[in-house]
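Undergrad: So I've got this file, my_file_25.tsv, and it contains TSV, C-alpha atoms and all ligand atoms:
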```tsv
chain	number	residue	atom	x	y	z
A	138	LEU	CA	35.54	0.51	-15.20
A	139	ALA	CA	34.57	1.10	-18.83
A	140	ILE	CA	30.85	1.02	-18.07
A	141	PRO	CA	28.60	3.97	-18.90
A	142	HIS	CA	27.72	5.80	-15.73
A	143	ARG	CA	26.20	9.05	-14.50
A	144	ARG	CA	26.79	11.03	-11.33
A	145	ASP	CA	24.37	12.74	-8.97
A	146	VAL	CA	20.98	11.83	-10.44
A	147	PRO	CA	17.97	12.76	-8.24
A	148	PHE	CA	15.80	9.80	-7.24
A	149	ALA	CA	12.82	12.01	-8.07
A	150	LYS	CA	13.72	11.21	-11.70
A	151	LEU	CA	14.45	7.53	-11.13
A	152	THR	CA	11.31	6.50	-9.23
A	153	THR	CA	7.57	6.73	-9.85
A	154	LEU	CA	6.94	8.06	-6.32
A	155	GLY	CA	9.34	10.94	-6.90
A	156	VAL	CA	10.95	11.31	-3.47
A	157	GLY	CA	14.42	10.60	-2.09
A	158	GLY	CA	17.81	12.18	-2.35
A	159	ILE	CA	20.58	11.86	-4.89
A	160	CYS	CA	21.90	8.72	-6.55
A	161	ARG	CA	25.65	9.41	-6.41
A	162	TRP	CA	26.72	6.67	-8.82
A	163	LEU	CA	24.43	5.23	-11.48
A	164	PHE	CA	26.04	2.52	-13.63
A	165	GLU	CA	24.18	1.60	-16.81
A	166	PRO	CA	25.69	-1.49	-18.46
A	167	VAL	CA	24.48	-2.00	-22.01
A	168	ASP	CA	25.05	-5.75	-22.17
A	169	GLU	CA	25.53	-8.81	-19.98
A	170	ALA	CA	29.33	-8.67	-20.21
A	171	GLN	CA	29.35	-5.12	-18.79
A	172	ALA	CA	26.92	-6.10	-16.04
A	173	GLN	CA	29.11	-9.05	-15.15
A	174	ALA	CA	32.27	-6.90	-15.12
A	175	PHE	CA	30.52	-4.47	-12.76
A	176	VAL	CA	29.42	-7.20	-10.33
A	177	ARG	CA	32.84	-8.90	-10.43
A	178	ALA	CA	34.58	-5.58	-9.71
A	179	CYS	CA	32.29	-4.90	-6.74
A	180	ALA	CA	32.84	-8.44	-5.42
A	181	ARG	CA	36.61	-8.11	-5.81
A	182	GLU	CA	36.70	-4.79	-3.94
A	183	GLY	CA	34.16	-5.93	-1.35
A	184	LEU	CA	31.89	-3.03	-2.40
A	185	PRO	CA	28.16	-3.13	-1.76
A	186	ARG	CA	25.88	-2.23	-4.68
A	187	ARG	CA	22.21	-1.96	-5.47
A	188	VAL	CA	20.02	-2.72	-8.47
A	189	LEU	CA	17.42	-0.35	-9.86
A	190	GLY	CA	14.76	-1.22	-12.40
A	191	GLY	CA	11.90	1.12	-13.29
A	192	GLY	CA	11.80	2.49	-9.73
A	193	SER	CA	8.07	1.71	-9.41
A	194	ASN	CA	8.31	-0.15	-6.10
A	195	LEU	CA	10.80	2.01	-4.25
A	196	VAL	CA	10.64	4.52	-1.42
A	197	VAL	CA	14.04	6.20	-1.23
A	198	LEU	CA	14.65	7.94	2.08
A	199	GLY	CA	17.83	9.89	1.33
A	200	ASP	CA	21.02	10.08	-0.73
A	201	VAL	CA	22.51	6.78	-1.85
A	202	GLU	CA	26.33	6.68	-1.95
A	203	THR	CA	26.43	2.96	-2.75
A	204	PRO	CA	26.88	2.32	-6.49
A	205	VAL	CA	23.55	1.64	-8.19
A	206	VAL	CA	23.31	-0.44	-11.36
A	207	ARG	CA	20.44	-0.03	-13.81
A	208	LEU	CA	20.57	-2.35	-16.82
A	209	LYS	CA	20.15	-0.72	-20.22
A	210	PHE	CA	20.18	-3.73	-22.52
A	211	PRO	CA	18.87	-3.44	-26.11
A	212	PRO	CA	15.04	-3.53	-25.91
A	213	GLU	CA	14.52	-6.67	-27.99
A	214	VAL	CA	12.25	-9.64	-27.39
A	215	ARG	CA	12.42	-12.95	-29.25
A	216	ARG	CA	9.64	-15.48	-29.75
A	217	GLU	CA	10.30	-19.20	-30.08
A	218	GLY	CA	7.02	-21.09	-30.36
A	219	LEU	CA	5.10	-20.46	-27.15
A	220	GLU	CA	8.11	-18.95	-25.39
A	221	VAL	CA	9.19	-15.31	-25.38
A	222	HIS	CA	12.65	-14.13	-24.28
A	223	ALA	CA	13.07	-10.65	-22.80
A	224	PRO	CA	15.99	-8.80	-21.21
A	225	ALA	CA	15.57	-7.69	-17.57
A	226	SER	CA	15.60	-4.01	-18.53
A	227	TYR	CA	12.61	-4.47	-20.84
A	228	GLY	CA	9.35	-2.74	-19.84
A	229	HIS	CA	6.98	-5.11	-18.05
A	230	ILE	CA	3.82	-3.52	-19.46
A	231	ARG	CA	5.45	-3.51	-22.88
A	232	LEU	CA	6.18	-7.25	-22.64
A	233	SER	CA	2.57	-7.88	-21.65
A	234	GLY	CA	1.44	-5.86	-24.70
A	235	ASP	CA	3.91	-7.58	-27.05
A	236	THR	CA	2.83	-11.07	-26.03
A	237	ALA	CA	-0.84	-10.12	-26.40
A	238	ALA	CA	-0.11	-8.77	-29.88
A	239	MET	CA	1.58	-12.10	-30.73
A	240	GLY	CA	-1.71	-13.83	-29.88
A	241	LEU	CA	-0.17	-15.39	-26.77
A	242	SER	CA	-2.24	-15.58	-23.60
A	243	GLY	CA	-0.91	-15.61	-20.01
A	244	MET	CA	0.48	-12.14	-19.35
A	245	GLU	CA	-2.78	-10.18	-19.42
A	246	TYR	CA	-2.53	-9.76	-15.62
A	247	ALA	CA	0.68	-7.75	-16.12
A	248	SER	CA	-0.83	-5.16	-18.43
A	249	GLY	CA	-1.03	-2.58	-15.61
A	250	ILE	CA	2.10	-3.45	-13.59
A	251	PRO	CA	4.78	-0.87	-14.41
A	252	GLY	CA	8.55	-1.19	-14.03
A	253	SER	CA	11.01	-3.55	-15.63
A	254	VAL	CA	10.91	-7.27	-16.29
A	255	GLY	CA	13.82	-7.68	-13.84
A	256	GLY	CA	11.92	-5.82	-11.12
A	257	ALA	CA	8.83	-7.99	-11.76
A	258	LEU	CA	10.97	-11.10	-11.41
A	259	HIS	CA	12.61	-9.85	-8.20
A	260	MET	CA	9.24	-8.87	-6.67
A	261	ASN	CA	7.38	-11.82	-8.21
A	262	ALA	CA	4.91	-9.10	-9.18
A	263	GLY	CA	1.30	-10.12	-9.69
A	264	ALA	CA	-2.33	-9.16	-9.99
A	265	TYR	CA	-5.72	-10.79	-10.45
A	266	GLY	CA	-4.63	-14.16	-9.12
A	267	ARG	CA	-1.47	-14.56	-11.21
A	268	GLU	CA	2.18	-13.73	-10.64
A	269	THR	CA	5.46	-13.76	-12.53
A	270	VAL	CA	6.50	-17.26	-11.49
A	271	ASP	CA	3.30	-18.67	-13.04
A	272	VAL	CA	4.52	-17.84	-16.57
A	273	LEU	CA	8.23	-18.22	-15.91
A	274	ALA	CA	9.99	-20.94	-17.93
A	275	ARG	CA	13.62	-19.93	-17.26
A	276	PHE	CA	15.60	-16.95	-16.04
A	277	ARG	CA	19.19	-15.71	-16.13
A	278	PHE	CA	20.93	-13.96	-13.29
A	279	LEU	CA	24.34	-13.05	-11.88
A	280	THR	CA	25.34	-14.46	-8.53
A	281	PRO	CA	26.79	-12.07	-5.92
A	282	GLU	CA	30.25	-13.12	-7.18
A	283	GLY	CA	29.33	-12.34	-10.80
A	284	ASP	CA	28.83	-15.87	-12.14
A	285	LEU	CA	26.11	-16.27	-14.75
A	286	VAL	CA	23.35	-18.81	-14.08
A	287	GLU	CA	20.42	-19.79	-16.28
A	288	LYS	CA	17.78	-22.06	-14.78
A	289	ALA	CA	14.12	-22.97	-14.43
A	290	PRO	CA	12.35	-21.78	-11.26
A	291	GLU	CA	12.34	-24.24	-8.35
A	292	PRO	CA	10.14	-24.50	-5.25
A	293	GLY	CA	11.12	-22.02	-2.55
A	294	GLU	CA	12.62	-19.47	-4.95
A	295	PHE	CA	9.44	-17.41	-5.48
A	296	ARG	CA	6.62	-16.57	-3.10
A	297	TYR	CA	3.97	-13.85	-2.78
A	298	ARG	CA	5.85	-10.59	-3.62
A	299	TRP	CA	9.22	-12.17	-2.79
A	300	SER	CA	12.02	-13.99	-4.57
A	301	PHE	CA	15.45	-15.30	-3.70
A	302	LEU	CA	16.95	-12.79	-6.15
A	303	GLY	CA	16.84	-10.27	-3.30
A	304	GLU	CA	19.87	-11.96	-1.82
A	305	GLY	CA	22.38	-10.06	-3.97
A	306	ARG	CA	21.49	-11.61	-7.32
A	307	ILE	CA	20.87	-9.53	-10.44
A	308	ALA	CA	18.32	-10.74	-12.98
A	309	LEU	CA	19.54	-10.38	-16.57
A	310	GLY	CA	16.56	-11.75	-18.45
A	311	LEU	CA	13.76	-14.27	-18.56
A	312	VAL	CA	11.79	-16.58	-20.79
A	313	VAL	CA	8.03	-16.74	-20.32
A	314	ARG	CA	5.98	-19.72	-21.49
A	315	LEU	CA	2.50	-18.78	-22.66
A	316	ALA	CA	-0.45	-20.38	-24.42
A	317	GLU	CA	-1.90	-19.89	-27.86
A	318	GLY	CA	-4.88	-17.56	-27.32
A	319	ASP	CA	-7.75	-15.87	-29.09
A	320	PRO	CA	-6.67	-12.26	-29.74
A	321	VAL	CA	-10.19	-10.96	-29.09
A	322	ALA	CA	-10.41	-12.75	-25.73
A	323	ILE	CA	-6.93	-11.53	-24.76
A	324	ARG	CA	-7.85	-7.92	-25.58
A	325	ALA	CA	-11.12	-8.25	-23.63
A	326	ARG	CA	-9.28	-9.52	-20.54
A	327	VAL	CA	-6.71	-6.70	-20.74
A	328	GLU	CA	-9.54	-4.17	-21.05
A	329	GLU	CA	-11.39	-5.70	-18.07
A	330	TYR	CA	-8.25	-5.41	-15.89
A	331	ARG	CA	-7.58	-1.88	-17.14
A	332	GLN	CA	-11.07	-0.82	-16.10
A	333	LYS	CA	-10.84	-2.51	-12.68
A	334	ARG	CA	-7.51	-0.83	-11.99
A	335	GLY	CA	-8.72	2.54	-13.27
A	336	THR	CA	-11.67	2.55	-10.90
A	337	SER	CA	-9.86	1.30	-7.78
A	338	GLN	CA	-6.32	2.75	-7.97
A	339	PRO	CA	-5.07	6.38	-8.08
A	340	LEU	CA	-3.20	6.08	-11.36
A	341	HIS	CA	-3.16	9.84	-12.01
A	342	LYS	CA	-0.98	10.59	-8.94
A	343	ARG	CA	2.65	9.67	-8.27
A	344	ASN	CA	2.79	6.42	-6.27
A	345	ALA	CA	4.71	3.17	-5.83
A	346	GLY	CA	1.79	0.76	-6.09
A	347	CYS	CA	0.63	-0.95	-2.91
A	348	VAL	CA	2.92	0.04	-0.04
A	349	PHE	CA	2.19	-2.90	2.29
A	350	LYS	CA	1.84	-6.62	1.63
A	351	ASN	CA	-1.56	-8.14	2.14
A	352	PRO	CA	-1.54	-10.08	5.43
A	353	PRO	CA	-2.71	-13.71	4.89
A	354	GLY	CA	-6.42	-13.69	4.09
A	355	GLN	CA	-6.67	-9.90	4.43
A	356	SER	CA	-6.39	-6.83	2.24
A	357	ALA	CA	-4.04	-4.19	3.64
A	358	GLY	CA	-5.97	-1.58	1.64
A	359	ARG	CA	-9.24	-2.55	3.31
A	360	LEU	CA	-7.66	-2.50	6.80
A	361	ILE	CA	-6.19	0.97	6.20
A	362	ASP	CA	-9.55	2.10	4.88
A	363	GLN	CA	-11.41	0.64	7.90
A	364	ALA	CA	-8.92	2.39	10.20
A	365	GLY	CA	-10.31	5.64	8.77
A	366	LEU	CA	-7.03	6.67	7.21
A	367	LYS	CA	-8.06	7.51	3.66
A	368	GLY	CA	-7.10	11.10	2.94
A	369	PHE	CA	-4.77	11.23	5.97
A	370	ARG	CA	-1.72	13.36	5.15
A	371	VAL	CA	1.77	14.10	6.37
A	372	GLY	CA	2.92	17.07	4.32
A	373	ASP	CA	2.26	16.18	0.70
A	374	ALA	CA	2.26	12.42	1.34
A	375	GLU	CA	-1.31	11.15	1.44
A	376	VAL	CA	-3.20	7.90	1.98
A	377	SER	CA	-5.07	7.81	-1.31
A	378	PRO	CA	-8.79	8.46	-0.98
A	379	GLU	CA	-9.24	5.90	-3.81
A	380	HIS	CA	-7.28	2.97	-2.34
A	381	GLY	CA	-5.97	2.75	1.24
A	382	ASN	CA	-2.80	0.84	0.33
A	383	PHE	CA	-1.64	3.47	-2.18
A	384	LEU	CA	0.31	6.31	-0.57
A	385	VAL	CA	0.55	9.13	-3.07
A	386	ASN	CA	2.79	12.12	-3.56
A	387	LEU	CA	0.59	15.17	-4.03
A	388	GLY	CA	3.51	17.05	-5.53
A	389	GLY	CA	5.93	18.30	-2.92
A	390	ALA	CA	6.24	15.30	-0.58
A	391	SER	CA	9.62	14.62	1.00
A	392	ALA	CA	11.13	11.30	1.94
A	393	SER	CA	10.55	12.05	5.62
A	394	ASP	CA	6.85	12.74	4.91
A	395	PHE	CA	6.61	9.20	3.54
A	396	ARG	CA	8.61	7.67	6.37
A	397	GLU	CA	6.27	9.36	8.87
A	398	LEU	CA	3.09	8.49	6.95
A	399	MET	CA	4.08	4.82	6.68
A	400	ALA	CA	4.84	4.72	10.42
A	401	ARG	CA	1.47	6.31	11.29
A	402	VAL	CA	-0.42	3.88	9.06
A	403	ARG	CA	1.32	0.85	10.59
A	404	GLU	CA	0.66	2.17	14.10
A	405	LYS	CA	-3.06	2.76	13.45
A	406	VAL	CA	-3.59	-0.67	11.88
A	407	LEU	CA	-1.71	-2.33	14.74
A	408	ASP	CA	-3.77	-0.44	17.35
A	409	GLY	CA	-7.07	-1.03	15.55
A	410	PHE	CA	-6.72	-4.65	14.42
A	411	GLY	CA	-3.61	-6.06	16.10
A	412	ILE	CA	-2.10	-6.68	12.66
A	413	GLU	CA	1.46	-5.71	11.80
A	414	LEU	CA	1.70	-4.54	8.21
A	415	GLU	CA	4.88	-5.45	6.37
A	416	PRO	CA	6.15	-3.12	3.64
A	417	GLU	CA	5.77	-4.38	0.10
A	418	VAL	CA	7.82	-1.53	-1.33
A	419	GLU	CA	11.60	-1.67	-1.08
A	420	ILE	CA	12.95	1.01	1.22
A	421	TRP	CA	16.38	2.48	0.36
B	501	LIG	P1	12.25	-1.23	-8.82
B	501	LIG	O1	11.21	-0.45	-8.12
B	501	LIG	O2	13.27	-0.51	-9.60
B	501	LIG	O3	12.97	-2.19	-7.77
B	501	LIG	C1	12.21	-2.99	-6.90
B	501	LIG	C2	13.12	-4.07	-6.31
B	501	LIG	O4	13.52	-4.94	-7.37
B	501	LIG	C3	14.42	-3.50	-5.73
B	501	LIG	O5	14.77	-4.27	-4.60
B	501	LIG	C4	15.43	-3.72	-6.83
B	501	LIG	O6	16.75	-3.87	-6.32
B	501	LIG	C5	14.94	-5.01	-7.45
B	501	LIG	N1	15.34	-5.16	-8.86
B	501	LIG	C6	15.04	-4.35	-9.89
B	501	LIG	N2	15.59	-4.82	-11.03
B	501	LIG	C7	16.25	-5.95	-10.69
B	501	LIG	C8	17.04	-6.90	-11.40
B	501	LIG	N3	17.29	-6.77	-12.71
B	501	LIG	N4	17.57	-7.95	-10.72
B	501	LIG	C9	17.36	-8.10	-9.38
B	501	LIG	N5	16.64	-7.24	-8.66
B	501	LIG	C10	16.08	-6.18	-9.30
B	501	LIG	N6	3.19	-4.62	-8.24
B	501	LIG	C11	2.52	-5.79	-8.27
B	501	LIG	O7	3.09	-6.83	-7.94
B	501	LIG	N7	1.22	-5.84	-8.69
B	501	LIG	C12	0.54	-4.75	-9.09
B	501	LIG	O8	-0.63	-4.86	-9.45
B	501	LIG	C13	1.23	-3.50	-9.09
B	501	LIG	N8	0.61	-2.38	-9.48
B	501	LIG	C14	1.29	-1.19	-9.50
B	501	LIG	C15	0.64	-0.06	-9.97
B	501	LIG	C16	1.31	1.16	-10.00
B	501	LIG	C17	0.60	2.38	-10.50
B	501	LIG	C18	2.67	1.25	-9.54
B	501	LIG	C19	3.41	2.55	-9.59
B	501	LIG	C20	3.32	0.10	-9.07
B	501	LIG	C21	2.63	-1.12	-9.04
B	501	LIG	N9	3.25	-2.28	-8.58
B	501	LIG	C22	2.58	-3.47	-8.63
B	501	LIG	C23	4.61	-2.25	-8.00
B	501	LIG	C24	5.75	-2.38	-9.04
B	501	LIG	O9	5.31	-1.95	-10.30
B	501	LIG	C25	6.26	-3.80	-9.18
B	501	LIG	O10	6.76	-4.28	-7.95
B	501	LIG	C26	7.38	-3.90	-10.21
B	501	LIG	O11	7.57	-5.24	-10.56
B	501	LIG	C27	8.71	-3.30	-9.76
B	501	LIG	O12	9.60	-3.28	-10.87
B	501	LIG	P2	10.70	-2.12	-11.05
B	501	LIG	O13	11.52	-2.47	-12.24
B	501	LIG	O14	10.07	-0.79	-11.07
B	501	LIG	O15	11.54	-2.34	-9.74
B	502	LIG	N1	-10.71	-2.35	-0.36
B	502	LIG	C1	-11.34	-1.48	0.49
B	502	LIG	N2	-10.78	-0.24	0.64
B	502	LIG	C2	-9.65	0.14	0.03
B	502	LIG	C3	-8.98	-0.78	-0.81
B	502	LIG	C4	-9.54	-2.03	-0.99
B	502	LIG	O1	-12.36	-1.78	1.06
B	502	LIG	O2	-9.20	1.27	0.23
B	502	LIG	C5	-11.32	-3.69	-0.57
B	502	LIG	C6	-11.83	-3.83	-2.00
B	502	LIG	O3	-13.14	-3.32	-2.13
B	502	LIG	C7	-11.76	-5.35	-2.20
B	502	LIG	C8	-10.56	-5.76	-1.36
B	502	LIG	O4	-10.34	-4.71	-0.42
B	502	LIG	O5	-12.90	-5.96	-1.70
B	502	LIG	C9	-9.30	-6.01	-2.19
B	502	LIG	O6	-8.96	-4.82	-2.92
B	502	LIG	P1	-8.27	-4.85	-4.36
B	502	LIG	O7	-9.06	-5.71	-5.28
B	502	LIG	O8	-7.98	-3.45	-4.76
B	502	LIG	O9	-6.95	-5.66	-4.11
B	502	LIG	P2	-5.79	-5.46	-3.08
B	502	LIG	O10	-5.70	-6.70	-2.26
B	502	LIG	O11	-5.89	-4.18	-2.35
B	502	LIG	C10	-3.97	-6.56	-4.59
B	502	LIG	C11	-2.53	-6.27	-4.86
B	502	LIG	C12	-2.39	-5.26	-5.99
B	502	LIG	C13	-3.10	-5.78	-7.23
B	502	LIG	C14	-4.55	-6.04	-6.90
B	502	LIG	C15	-5.31	-6.65	-8.06
B	502	LIG	C16	-1.19	-6.47	-2.84
B	502	LIG	C17	-0.59	-5.77	-1.69
B	502	LIG	N3	-1.92	-5.72	-3.68
B	502	LIG	O12	-4.53	-5.36	-4.06
B	502	LIG	O13	-0.99	-5.16	-6.28
B	502	LIG	O14	-3.01	-4.83	-8.28
B	502	LIG	O15	-4.63	-6.97	-5.79
B	502	LIG	O16	-4.98	-7.99	-8.18
B	502	LIG	O17	-1.00	-7.67	-2.99
B	502	LIG	C18	1.02	-4.01	-5.71
B	502	LIG	O18	1.46	-5.12	-5.36
B	502	LIG	O19	1.71	-2.97	-5.70
B	502	LIG	C19	-0.37	-3.92	-6.17
B	502	LIG	C20	-0.94	-2.78	-6.51
```
Output the file's structure as structure tokens, nothing else.
Ligand code: FAD
Ligand code: EPU

TA:
Amino acid sequence: LAIPHRRDVPFAKLTTLGVGGICRWLFEPVDEAQAQAFVRACAREGLPRRVLGGGSNLVVLGDVETPVVRLKFPPEVRREGLEVHAPASYGHIRLSGDTAAMGLSGMEYASGIPGSVGGALHMNAGAYGRETVDVLARFRFLTPEGDLVEKAPEPGEFRYRWSFLGEGRIALGLVVRLAEGDPVAIRARVEEYRQKRGTSQPLHKRNAGCVFKNPPGQSAGRLIDQAGLKGFRVGDAEVSPEHGNFLVNLGGASASDFRELMARVREKVLDGFGIELEPEVEIW
């Protein structure tokens, strides 16, 4: 396949958490045609494959032999009235900043959510009461067979930290629909969120955001905190003393440290509160 690719890249370099083994095959298509050729070839050969974005919601537990595709489309956005088009490989925080600079309001919530636009779409990432689907006008994706679809979101396709893209689909890009806003008010909201995040989350240590989903009506972080787990460590994997739902890599953590720490946290919360925490991070 005439698609740029690299061999044997450590996941420490591909993820924000910085653990995991080696990515044996990393395909980096530079446009939609290359991405489509890759998916079609995998479908034809019956080969499994995985999609990587910014690696900010991933806990990789070992080597990955399955081909991994990471889109590397030209980083260009386009505004049409109140709509902004962005490729899936575009930075999510960057898109939030761009739209704010255009005087468009609606993506302030995303100003501190790292990773790619495609990853945000897949995870239906959100914060402060808003999530990706709230601003989503249309999106483009490849089906598992490699057919290209562009559509508006429909009920059932996006829920709290979940989307139907997980079922083998690859997001190629999206269009957000925003509102005309007052630049001063937009900047003030971004600054308010930045401060909130800075005081409650351990942004100076390697992490993958919140590790567990919030159970309905509960905060996983608060439950982990109330279970007395803040500061609990397995090797260099630690329950952040700042926020219970952030598990951080103090420097030399291994994948098995994280596997063990996640298991211990789930066990303690189950014993203490009878609540089964479900991972929010993707585990490879
Ligand atoms: P990755 O981690 O690369 O992948 C995550 C999943 O998305 C994988 O299953 C992958 O296969 C899939 N995926 C990636 N790209 C595509 C694509 N193009 N098509 C289909 N599937 C794809 N998340 C929140 O929701 N709210 C927050 O407030 C938040 N805060 C965070 C703060 C910090 C400091 C960090 C490190 C993370 C935080 N996160 C938060 C988690 C994470 O940033 C989001 O889930 C983000 O949207 C993941 O995007 P990514 O590109 O890094 O995805
Ligand atoms: N709390 C504690 N102890 C802790 C952590 C939190 O008591 O260790 C309390 C807080 O004081 C607050 C409540 O729990 O009263 C909720 O905490 P917070 O506002 O930090 O929100 P959260 O529910 O823990 C969610 C998302 C975050 C998102 C924030 C802000 C999930 C799993 N987490 O966190 O998203 O940034 O709200 O909107 O939905 C992510 O998905 O990766 C993520 C970081």

Undergrad: Which neighbours of Arg186 of chain A fall inside 7 Å, counting all atoms listed in the file, when residues of the same chain fewer than 3 positions from it are skipped, and could you give them as an NGL selection string?

TA: :A and (203-205)

Undergrad: Collect all residues with atoms no farther than 6 Å from ligand LIG 502 (chain B), counting all atoms listed in the file, and output them as an NGL selection string.

TA: :A and (264-265 or 337 or 346-347 or 349-351 or 356 or 358-359 or 362 or 380-381)

Undergrad: Ligand LIG 501 (chain B): which residues are within 8 Å, counting all atoms listed in the file? Reply as a ChimeraX atom specification.

TA: /A:152-154,187-195,207-208,225-226,228-229,247,249-265,268,278,298,302-303,305-310,338-340,343-347,418-419

Undergrad: Give the answer as one residue: which of A:Val406, A:Val206, A:Val272, A:Leu184 has the shortest atom-to-atom distance to Leu151 of chain A, using all atoms listed in the file?

TA: A:Val206

Undergrad: Taking 2 positions as the minimum chain separation for residues in the same chain, which residues sit within 9 Å of Arg177 of chain A when counting only C-alpha atoms? Answer as a list in words.

TA: Ala172, Gln173, Ala174, Phe175, Cys179, Ala180, Arg181, Glu182, Pro281, Glu282, Gly283 and Asp284 of chain A

Undergrad: State, in Å with one decimal place, the distance from atom CA of Gly372 of chain A to atom CA of Ala390 of chain A.

TA: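 Going from atom CA of Gly372 of chain A over to atom CA of Ala390 of chain A, I get 6.2 Å.
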
Undergrad: Mind pulling up the distance from atom CA of Met399 of chain A to atom CA of Phe383 of chain A?

TA: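 A separation of 10.6 Å between them.
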
Undergrad: Using only C-alpha atoms, pick whichever of A:Pro185, A:Leu311, A:Lys405, A:Pro147 has the shortest atom-to-atom distance to Val286 of chain A.

TA: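 Ranked by minimum distance to Val286 of chain A, first place goes to A:Leu311.
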
Undergrad: Under the rule that all atoms listed in the file are counted, which of A:Thr236, A:Gln171, A:Gln332, A:Ser248 is the nearest residue to Gly318 of chain A?

TA: A:Thr236
